[in-house]
There are 2 protein chains.
Amino acid sequence: MNDLSTELAAFAGGPVSTTAQARIVTSLSALDWFAVGMAGANEPVSRIVRDMVLSEGGAAQASLFGGGAAPLRAAALVNGTISHALDYDDTHFAHIGHPSVAVFPAVLAVAAWTDRPVVDLLEAALVGMETSVRVGLWLGRAHYQAGFHQTATAGAFGAAVAAGRLFGFDAAAFRRVLGLTATRAAGLKAQFGTMGKPYNAGLAASSGVEAALLVQAGFQPNEHALQGAFGFAATHSGADDATTALAGLGDEWLFESVSHKFHACCHGLHAALEAARDLDIAEPEVAEIKVHTHPRWMSVCNQLAPTTGLGAKFSYRTVIAMMATGYDTALPDSYADKVCADPRLTSLRDRITVVADDEMSETQARVALLRRDGARREAIHDLLAPMALSDREDRVRDKAAKLIGSESADAIWTMLRTGGRAADLAVRMAG
Amino acid sequence: MNDLSTELAAFAGGPVSTTAQARIVTSLSALDWFAVGMAGANEPVSRIVRDMVLSEGGAAQASLFGGGAAPLRAAALVNGTISHALDYDDTHFAHIGHPSVAVFPAVLAVAAWTDRPVVDLLEAALVGMETSVRVGLWLGRAHYQAGFHQTATAGAFGAAVAAGRLFGFDAAAFRRVLGLTATRAAGLKAQFGTMGKPYNAGLAASSGVEAALLVQAGFQPNEHALQGAFGFAATHSGADDATTALAGLGDEWLFESVSHKFHACCHGLHAALEAARDLDIAEPEVAEIKVHTHPRWMSVCNQLAPTTGLGAKFSYRTVIAMMATGYDTALPDSYADKVCADPRLTSLRDRITVVADDEMSETQARVALLRRDGARREAIHDLLAPMALSDREDRVRDKAAKLIGSESADAIWTMLRTGGRAADLAVRMAG
């Protein structure tokens, strides 16, 4: 049997050979993470966690989204929470979680504090997120179904490894940091729909930084706390055999297939929105729209006629109608109570039907349009379908520009692609 | 079915009616906790965690064992870790853990910071530890056997409630703090035998303080994250029905039956040491000693002829021989490599036999002495047997005096019993 800790530690502690694709996707995730963090900086949960940390004072080691600075562990807690506050960050389906919100808060804090170039930050982030993805894949769907939030649990291991990489850990130190993280990685899906969900991401980031700091200072934990009778998988309803999770480690970057969100609403709606986008639907032409989606989503995001912005984020009929009537589904502010009462939107919404369809996978949707002129068109979209890198770049940069302004988005992209300093990125967090 | 969160929150949020016994036992646990914390302040794990926190700086809200001060969350992490570093703190068998090391670090930090009298500190500690015991009992043996460290998991809930009590939470706030704690309570038995074990206690204390601070600031988590399909018991191999765990809550203080350790070694040795103490054995008279113990301990603490101080802490033959040759088993320093080589001790050790005996419970031991004059004597001790309160007070105060000197032990006891200020207690942590 492959020993997960040994293999992951050898991977993280050695030289890595990254691909151009992995490097670009990591840069895109960095930009995306930064933009959603800035956009979420004043959410209620963001203020509560940031204010708690600012009231503690301490060394200004790392910048916070929305302003101020804090020690590394505290900054990771704050920035992890804030960047997941809108639930608009990236998703990896094999990880079963959101890799960036656990790893970037850790890696940006440590890289800026140690005055590293952005290229080091990105490499550490990639190694950390690849670790999260592999650990999430190892823990598997059973872990998620039991009630654990992989973003938080697998994410803590990724954050720890990313921080350790910037501290220059060798394989032995990585074994220790993985073993120590096993005793504090936590986070329950029971918090979904509450402030506890973004907080779980902050926990992961902060736990990773703390584990790395302690190991750097000589902490000696059990190095073998992941696998085996009392290991993390056994205690946390995970799988234990690591063969699949380790396949291709070091050669193949599973992180490359991360998905970015281009609509500021429930992920279950995205395939349908992308299909509708392909059809370029405009409200006046619509006689009828049918949305075919996987049955599992019917209880998640099929509110028929919500009256609030929050409800709109969980409503196929509303978001499709929003798109067709000119509201920008990429902007969090579009999901407003008054939009739900717009007569053009409500009238169109009544012409949209949602169908549970076993032929769709969870990442697929089919949208069928009947035009007033009798023409029929339809489009299918699968969120897992590979996206041309140039398209992905255009869309992430466009999203970032909408969230933080094109000047900031372009400046950050330039830093990420042409080698700025991590500290220059961090100073932009104040907004 | 009783709802655990609702019942615990109603208990914690209302006026409590304590018994004299519960108050005295809580004071004894406070003294005991303080003494073992001071004694452990310079252990390697203590230095590592304290140095990490001190390097962060921040508001001097709470004192640390061994000197210095830190914000509340950080101080709880440090003092929880340090006070469990020697594994010499109190134990509650129904909790299946060590209540004081999770709760007192939280409660002393908050009480001193808010300048409260010791009587408030003790009441909050008692309510918190009663919560830990009830949560530990609810999670049950299955949770512990699965690999979770109840000191850390159940302890986090106790620390959160204790801190919330000092913040003046009502029942609604207590439901929130319990719900929030569910997403971060963590700690694995896989860390036993490493620095990770005491760190788990620090995690619990710190997690509790953080949850209380966040709820005080308006954090809205899922209040129902303990029971049910995705609750803490379901995810963490706990039982779910709370009837037994809640029986008598508010009228009966399960915490009263906490055990204090009077020997600085593995708990599996204590019943045998107490039985030997009753026999008042002196080495020259011994022809043969037989120690009968529960079979489970044979693989835990039956090293036959250890050569190191650490090994001595897991050796029936060694600790009984230490006691009979005049070494004080209450002093951590007695467990030294050179003691293991003392010829008087090794000679006596060869006359001691350890027997696995199904008739003993895990908390019992029988010691049979054959004297050189042919006389036979034997004693049985059960750690669960009630101890007269005056005896317990004598022994805890005697232990504290050995660990921190009688002047300090007496001064702290006076503060605890006659109403000092929490801050006066805290200033003594520098040593």
# chains A, B, ... in the order shown; residues from 1 in each chain; ligands from 1
$ select_by_dssp --residues "range 12-177 of chain B" --states "alpha helix (DSSP H)" --output "PyMOL selection string"
chain B and resi 12-13+20-39+44-56+72-83+99-113+118-146+150-166+171-177
$ residues_around --residues "Asp251 in chain A" --least-positions-apart "4" --cutoff "10 Å" --atoms "only C-alpha atoms" --output "list of chain:residue names"
A:Val16, A:Ser17, A:Thr18, A:Thr19, A:Ala247
$ interface_residues --of "chain B" --to "chain A" --cutoff "6 Å" --atoms "only C-alpha atoms" --output "PyMOL selection string"
chain B and resi 56-59+71+146-147+183-184+186-188+190-191+194-196+220-222+225+230+235
$ write_last_selection --atoms "N, CA and C atoms" --output "PDB file, in the first residue's frame"
ATOM      1  N   GLU B  56       4.226  36.582  18.000  1.00  0.00           N
ATOM      2  CA  GLU B  56       3.145  37.307  17.319  1.00  0.00           C
ATOM      3  C   GLU B  56       2.835  38.643  17.994  1.00  0.00           C
ATOM      4  N   GLY B  57       3.210  38.771  19.251  1.00  0.00           N
ATOM      5  CA  GLY B  57       2.879  39.991  19.985  1.00  0.00           C
ATOM      6  C   GLY B  57       1.378  40.118  20.181  1.00  0.00           C
ATOM      7  N   GLY B  58       0.913  41.342  20.257  1.00  0.00           N
ATOM      8  CA  GLY B  58      -0.516  41.562  20.438  1.00  0.00           C
ATOM      9  C   GLY B  58      -0.848  42.017  21.843  1.00  0.00           C
ATOM     10  N   ALA B  59      -2.122  42.308  22.041  1.00  0.00           N
ATOM     11  CA  ALA B  59      -2.582  42.836  23.323  1.00  0.00           C
ATOM     12  C   ALA B  59      -2.273  41.856  24.453  1.00  0.00           C
ATOM     13  N   PRO B  71      -2.961  37.772  23.572  1.00  0.00           N
ATOM     14  CA  PRO B  71      -4.419  37.866  23.437  1.00  0.00           C
ATOM     15  C   PRO B  71      -5.098  36.587  23.951  1.00  0.00           C
ATOM     16  N   ALA B 146     -12.951   5.148  18.526  1.00  0.00           N
ATOM     17  CA  ALA B 146     -12.733   5.435  17.104  1.00  0.00           C
ATOM     18  C   ALA B 146     -11.416   6.172  16.886  1.00  0.00           C
ATOM     19  N   GLY B 147     -10.943   6.851  17.912  1.00  0.00           N
ATOM     20  CA  GLY B 147      -9.661   7.535  17.778  1.00  0.00           C
ATOM     21  C   GLY B 147      -9.682   9.014  18.138  1.00  0.00           C
ATOM     22  N   THR B 183     -17.983  22.832  14.667  1.00  0.00           N
ATOM     23  CA  THR B 183     -17.259  22.818  13.388  1.00  0.00           C
ATOM     24  C   THR B 183     -15.762  22.871  13.566  1.00  0.00           C
ATOM     25  N   ARG B 184     -15.289  23.087  14.789  1.00  0.00           N
ATOM     26  CA  ARG B 184     -13.846  23.124  14.945  1.00  0.00           C
ATOM     27  C   ARG B 184     -13.287  22.291  16.085  1.00  0.00           C
ATOM     28  N   ALA B 186     -11.636  19.393  17.605  1.00  0.00           N
ATOM     29  CA  ALA B 186     -10.809  18.377  16.946  1.00  0.00           C
ATOM     30  C   ALA B 186      -9.739  17.885  17.894  1.00  0.00           C
ATOM     31  N   GLY B 187      -9.122  16.771  17.516  1.00  0.00           N
ATOM     32  CA  GLY B 187      -8.027  16.221  18.312  1.00  0.00           C
ATOM     33  C   GLY B 187      -8.031  14.707  18.259  1.00  0.00           C
ATOM     34  N   LEU B 188      -6.910  14.132  17.845  1.00  0.00           N
ATOM     35  CA  LEU B 188      -6.829  12.685  17.648  1.00  0.00           C
ATOM     36  C   LEU B 188      -5.949  12.007  18.693  1.00  0.00           C
ATOM     37  N   ALA B 190      -4.252   9.617  17.966  1.00  0.00           N
ATOM     38  CA  ALA B 190      -3.017   9.267  17.243  1.00  0.00           C
ATOM     39  C   ALA B 190      -1.837  10.092  17.748  1.00  0.00           C
ATOM     40  N   GLN B 191      -2.101  11.204  18.396  1.00  0.00           N
ATOM     41  CA  GLN B 191      -1.001  12.042  18.901  1.00  0.00           C
ATOM     42  C   GLN B 191      -0.497  11.592  20.271  1.00  0.00           C
ATOM     43  N   THR B 194       3.195  11.894  21.955  1.00  0.00           N
ATOM     44  CA  THR B 194       3.950  12.948  21.264  1.00  0.00           C
ATOM     45  C   THR B 194       3.533  14.310  21.827  1.00  0.00           C
ATOM     46  N   MET B 195       4.181  15.348  21.344  1.00  0.00           N
ATOM     47  CA  MET B 195       3.822  16.715  21.727  1.00  0.00           C
ATOM     48  C   MET B 195       2.383  17.053  21.322  1.00  0.00           C
ATOM     49  N   GLY B 196       1.856  16.282  20.379  1.00  0.00           N
ATOM     50  CA  GLY B 196       0.498  16.545  19.914  1.00  0.00           C
ATOM     51  C   GLY B 196      -0.556  16.330  20.983  1.00  0.00           C
ATOM     52  N   GLN B 220     -23.301  34.104  13.425  1.00  0.00           N
ATOM     53  CA  GLN B 220     -24.504  33.263  13.332  1.00  0.00           C
ATOM     54  C   GLN B 220     -24.152  31.924  12.693  1.00  0.00           C
ATOM     55  N   PRO B 221     -23.887  30.905  13.480  1.00  0.00           N
ATOM     56  CA  PRO B 221     -23.603  29.572  12.915  1.00  0.00           C
ATOM     57  C   PRO B 221     -24.883  28.745  12.863  1.00  0.00           C
ATOM     58  N   ASN B 222     -24.771  27.512  12.456  1.00  0.00           N
ATOM     59  CA  ASN B 222     -25.873  26.563  12.621  1.00  0.00           C
ATOM     60  C   ASN B 222     -25.934  26.186  14.100  1.00  0.00           C
ATOM     61  N   ALA B 225     -25.840  21.867  15.268  1.00  0.00           N
ATOM     62  CA  ALA B 225     -24.750  21.136  14.624  1.00  0.00           C
ATOM     63  C   ALA B 225     -24.207  20.007  15.497  1.00  0.00           C
ATOM     64  N   PHE B 230     -26.171  15.171  10.190  1.00  0.00           N
ATOM     65  CA  PHE B 230     -24.825  15.634   9.895  1.00  0.00           C
ATOM     66  C   PHE B 230     -24.178  16.315  11.097  1.00  0.00           C
ATOM     67  N   THR B 235     -20.907  12.624  12.673  1.00  0.00           N
ATOM     68  CA  THR B 235     -19.635  12.703  11.961  1.00  0.00           C
ATOM     69  C   THR B 235     -18.483  12.124  12.779  1.00  0.00           C
TER      70      THR B 235
END
$ closest_residue --among "B:Gly420, B:Gly13, B:Pro306, B:Pro332" --to "Phe262 in chain B" --atoms "only C-alpha atoms"
B:Pro332
$ residues_around --residues "Val78 in chain B" --least-positions-apart "2" --cutoff "7 Å" --atoms "only C-alpha atoms" --output "JSON, numbers by chain"
{"B": [49, 50, 64, 74, 75, 76, 80, 81, 82, 202]}
$ residues_around --residues "Ala368 in chain B" --least-positions-apart "6" --cutoff "9 Å" --atoms "only C-alpha atoms" --output "list in words"
Ala276, Glu288, Ile289, Lys290, Val291, His292, Arg376, Arg377, Glu378, Ala379 and Ile380 of chain B
$ write_last_selection --atoms "C-alpha atoms" --output "tab-separated table (two decimals), in the first residue's frame"
chain	number	residue	atom	x	y	z
B	276	ALA	CA	0.96	0.05	47.79
B	288	GLU	CA	7.82	-10.57	47.18
B	289	ILE	CA	5.13	-8.28	45.78
B	290	LYS	CA	2.37	-9.26	43.37
B	291	VAL	CA	0.47	-6.57	41.51
B	292	HIS	CA	-2.91	-7.57	40.06
B	376	ARG	CA	1.18	-11.49	54.18
B	377	ARG	CA	-0.73	-8.27	53.65
B	378	GLU	CA	-2.75	-7.03	50.75
B	379	ALA	CA	-4.69	-3.97	49.67
B	380	ILE	CA	-7.11	-3.20	46.86
$ atom_distance --atom1 "CA of Ala125 in chain A" --atom2 "CA of Leu269 in chain A"
28.5 Å
$ residues_around --residues "range 339-347 of chain A" --least-positions-apart "3" --cutoff "6 Å" --atoms "only C-alpha atoms" --output "ChimeraX atom specification"
/A:307,321,336,350
$ write_last_selection --atoms "N, CA and C atoms" --output "PDB file, in the first residue's frame"
ATOM      1  N   THR A 307     -38.479  35.896  -3.756  1.00  0.00           N
ATOM      2  CA  THR A 307     -38.704  37.345  -3.679  1.00  0.00           C
ATOM      3  C   THR A 307     -37.490  38.083  -3.110  1.00  0.00           C
ATOM      4  N   ALA A 321     -33.837  33.935 -16.248  1.00  0.00           N
ATOM      5  CA  ALA A 321     -34.598  35.144 -16.608  1.00  0.00           C
ATOM      6  C   ALA A 321     -33.745  36.402 -16.420  1.00  0.00           C
ATOM      7  N   ALA A 336     -30.636  40.970  -6.142  1.00  0.00           N
ATOM      8  CA  ALA A 336     -31.253  41.905  -5.193  1.00  0.00           C
ATOM      9  C   ALA A 336     -32.751  41.640  -5.126  1.00  0.00           C
ATOM     10  N   ASP A 350     -42.220  33.039 -15.766  1.00  0.00           N
ATOM     11  CA  ASP A 350     -43.396  32.163 -15.891  1.00  0.00           C
ATOM     12  C   ASP A 350     -43.357  31.315 -17.162  1.00  0.00           C
TER      13      ASP A 350
END
$ residues_around --residues "Asp394 in chain A" --least-positions-apart "3" --cutoff "12 Å" --atoms "only C-alpha atoms" --output "list in words"
Leu28, Leu31, Asp32, His260, Phe262, Met387, Ala388, Leu389, Ser390, Asp391, Arg397, Asp398, Lys399, Ala400, Ala401, Ala409, Asp410 and Trp413 of chain A
$ residues_around --residues "Ala212 in chain B" --least-positions-apart "4" --cutoff "7 Å" --atoms "only C-alpha atoms" --output "PDB file with N, CA and C atoms, in the first residue's frame"
ATOM      1  N   ALA B 160     -15.789  26.660  25.544  1.00  0.00           N
ATOM      2  CA  ALA B 160     -16.662  27.663  24.917  1.00  0.00           C
ATOM      3  C   ALA B 160     -17.754  28.112  25.887  1.00  0.00           C
ATOM      4  N   ALA B 163     -16.255  30.244  28.769  1.00  0.00           N
ATOM      5  CA  ALA B 163     -15.967  31.619  28.330  1.00  0.00           C
ATOM      6  C   ALA B 163     -17.269  32.389  28.123  1.00  0.00           C
ATOM      7  N   GLY B 164     -18.247  31.751  27.521  1.00  0.00           N
ATOM      8  CA  GLY B 164     -19.541  32.396  27.296  1.00  0.00           C
ATOM      9  C   GLY B 164     -20.226  32.797  28.594  1.00  0.00           C
ATOM     10  N   VAL B 177     -22.963  29.203  20.413  1.00  0.00           N
ATOM     11  CA  VAL B 177     -21.559  28.870  20.681  1.00  0.00           C
ATOM     12  C   VAL B 177     -21.339  27.357  20.627  1.00  0.00           C
ATOM     13  N   GLY B 208     -12.559  27.108  22.105  1.00  0.00           N
ATOM     14  CA  GLY B 208     -13.676  27.558  22.916  1.00  0.00           C
ATOM     15  C   GLY B 208     -13.693  29.069  23.071  1.00  0.00           C
ATOM     16  N   GLN B 216     -20.147  36.396  20.612  1.00  0.00           N
ATOM     17  CA  GLN B 216     -20.360  37.674  21.287  1.00  0.00           C
ATOM     18  C   GLN B 216     -20.430  38.822  20.261  1.00  0.00           C
TER      19      GLN B 216
END
